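**Q** Before I ask anything, here is the structure I am working with.
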Amino acid sequence: MFDTMTITKVAAGLFGAWLILLLGKWAGSEMYHAEAHGEPSYVIEVVDAGGDSEEAEVDFGELLAVADIAKGEKVFKKCSACHKVENGTNAVGPHLYGVVGRPVDAAEGFSYSGALEKVADVWTPEHLNGFLANPKGYAPGTTMGFAGLKKIEERADVIAYLDSLDN
């Protein structure tokens, strides 16, 4: 039924079709390659709607005053993989018992990377807010691998929860 010549013809047909597909893709990308050459020939003006910066309109102090500690405890579960709230119990990250108002590098038995000391001396709610929003952007060189909490309400709730731990 199938001899060597038939199998060779089928394989040659498949490989030939694949080669034509690859050559067509290469030719198409060369013809329609979008590359910027100098200044744009025209500019489309866009009116700024102002919807990009919702956080700038919200006062963090007001949010912190009405923050929900119970919601903060729920959001803190994202942090609990690396941080503990028991006093003196470090994990991958330092313990966060009494973190609000304490010096940045004050957790006993934890070796800090040194990046945080360049940004702040004491963990105020405002420093914690900035750090929790984007740890790598706030303190470049930090070893904290968390991406951050994007919602300012969640950050306020977590900070209120951490502040409530040590009364």
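Ordering of the structure tokens sets the chain letters (A, B, ...), residue numbers begin anew at 1 in every chain, and ligands are numbered from 1 in the order given.
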Write out as a list in words which residues come within 10 Å of Phe131 (chain A) when counting only C-alpha atoms, dropping same-chain ones fewer than 6 positions away.

**A**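 Selected residues are Leu116, Val119, Trp123, Pro125, Gly137, Tyr138, Ala139, Gly148, Leu149 and Arg155 of chain A.
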
**Q** Convert the current residue selection to file output with N, CA and C atoms, as a compact mmCIF listing (two decimals), in the first residue's frame.

**A**
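Here's the written file out.txt:
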# COMPACT_ATOMS: atom_id res chain seq x y z
N LEU A 116 15.67 49.84 52.16
CA LEU A 116 14.62 50.55 52.89
C LEU A 116 15.17 51.71 53.71
N VAL A 119 15.19 55.05 52.05
CA VAL A 119 13.92 55.67 51.73
C VAL A 119 13.27 56.32 52.95
N TRP A 123 8.58 53.77 59.98
CA TRP A 123 7.42 53.34 59.21
C TRP A 123 6.20 54.16 59.62
N PRO A 125 2.43 55.77 58.52
CA PRO A 125 1.39 55.27 57.60
C PRO A 125 1.62 55.71 56.15
N GLY A 137 9.31 49.85 43.33
CA GLY A 137 9.39 51.22 42.86
C GLY A 137 9.67 52.20 44.00
N TYR A 138 9.15 51.92 45.19
CA TYR A 138 9.32 52.80 46.33
C TYR A 138 10.72 52.69 46.91
N ALA A 139 11.22 51.46 46.99
CA ALA A 139 12.56 51.22 47.54
C ALA A 139 13.32 50.33 46.57
N GLY A 148 2.62 44.38 45.19
CA GLY A 148 2.00 45.54 45.82
C GLY A 148 0.49 45.44 45.83
N LEU A 149 -0.13 46.30 46.63
CA LEU A 149 -1.59 46.40 46.70
C LEU A 149 -1.99 47.63 45.90
N ARG A 155 -4.84 49.21 51.08
CA ARG A 155 -3.63 49.60 51.80
C ARG A 155 -3.98 50.27 53.12

**Q** Need the shell around Ala147 (chain A): protein/DNA/RNA residues with any atom at most 8 Å away, counting only C-alpha atoms. Skip same-chain ones fewer than 2 positions apart. Format as number ranges by chain?

**A** A: 134-136, 145, 149

**Q** Counting only C-alpha atoms, which residue out of A:Val92, A:Ala120, A:Val99, A:Leu64 sits closest to Ile152 (chain A)?

**A** A:Leu64

**Q** Calculate how many Å separate CA of Glu73 (chain A) from CA of Leu162 (chain A), rounding to one decimal.

**A** 8.3 Å

**Q** Please measure the separation of CA of Ala67 (chain A) and CA of Asp157 (chain A), giving the value in Å to one decimal.

**A**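 That distance, rounded to one decimal, is 4.9 Å.
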
**Q** Going by DSSP on the backbone, which residues of chain A come out as helix (DSSP H, G or I)? List them as a ChimeraX atom specification.

**A** /A:4-31,54-57,60-65,69-78,125-133,135-138,152-164

**Q** How many Å separate CA of Met144 (chain A) from CA of Gly130 (chain A)?

**A**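 Distance reported for this atom pair: 13.9 Å.
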
**Q** I'd like the contact shell of Val158 (chain A) - 8 Å cut-off, only C-alpha atoms, skipping same-chain residues fewer than 6 positions apart - returned as a PyMOL selection string.

**A** chain A and resi 69+71-73+75-76

**Q** Fewer than 3 positions away in the same chain doesn't count, so skip those; otherwise give me all residues within 10 Å of Tyr97 (chain A), counting only C-alpha atoms, as a PDB file with C-alpha atoms, in the first residue's frame.

**A**
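around_26.pdb, freshly written:
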ATOM      1  CA  HIS A  83       5.259  37.974  57.222  1.00  0.00           C
ATOM      2  CA  LYS A  84       4.027  37.053  60.698  1.00  0.00           C
ATOM      3  CA  VAL A  85       2.245  39.340  63.143  1.00  0.00           C
ATOM      4  CA  GLU A  86       3.535  37.693  66.327  1.00  0.00           C
ATOM      5  CA  ASN A  87       6.154  39.769  68.114  1.00  0.00           C
ATOM      6  CA  GLY A  88       9.661  38.515  67.307  1.00  0.00           C
ATOM      7  CA  THR A  89       8.563  35.794  64.880  1.00  0.00           C
ATOM      8  CA  PRO A  94      10.384  40.530  59.181  1.00  0.00           C
ATOM      9  CA  VAL A 100       3.546  51.343  62.391  1.00  0.00           C
ATOM     10  CA  ARG A 102       8.849  51.728  64.521  1.00  0.00           C
ATOM     11  CA  ALA A 107      12.973  43.743  63.586  1.00  0.00           C
ATOM     12  CA  LEU A 162      -1.204  46.427  61.557  1.00  0.00           C
ATOM     13  CA  ASP A 163      -1.542  49.517  63.742  1.00  0.00           C
ATOM     14  CA  SER A 164      -4.232  47.821  65.832  1.00  0.00           C
ATOM     15  CA  LEU A 165      -2.029  44.825  66.706  1.00  0.00           C
ATOM     16  CA  ASP A 166       0.018  46.555  69.413  1.00  0.00           C
TER      17      ASP A 166
END
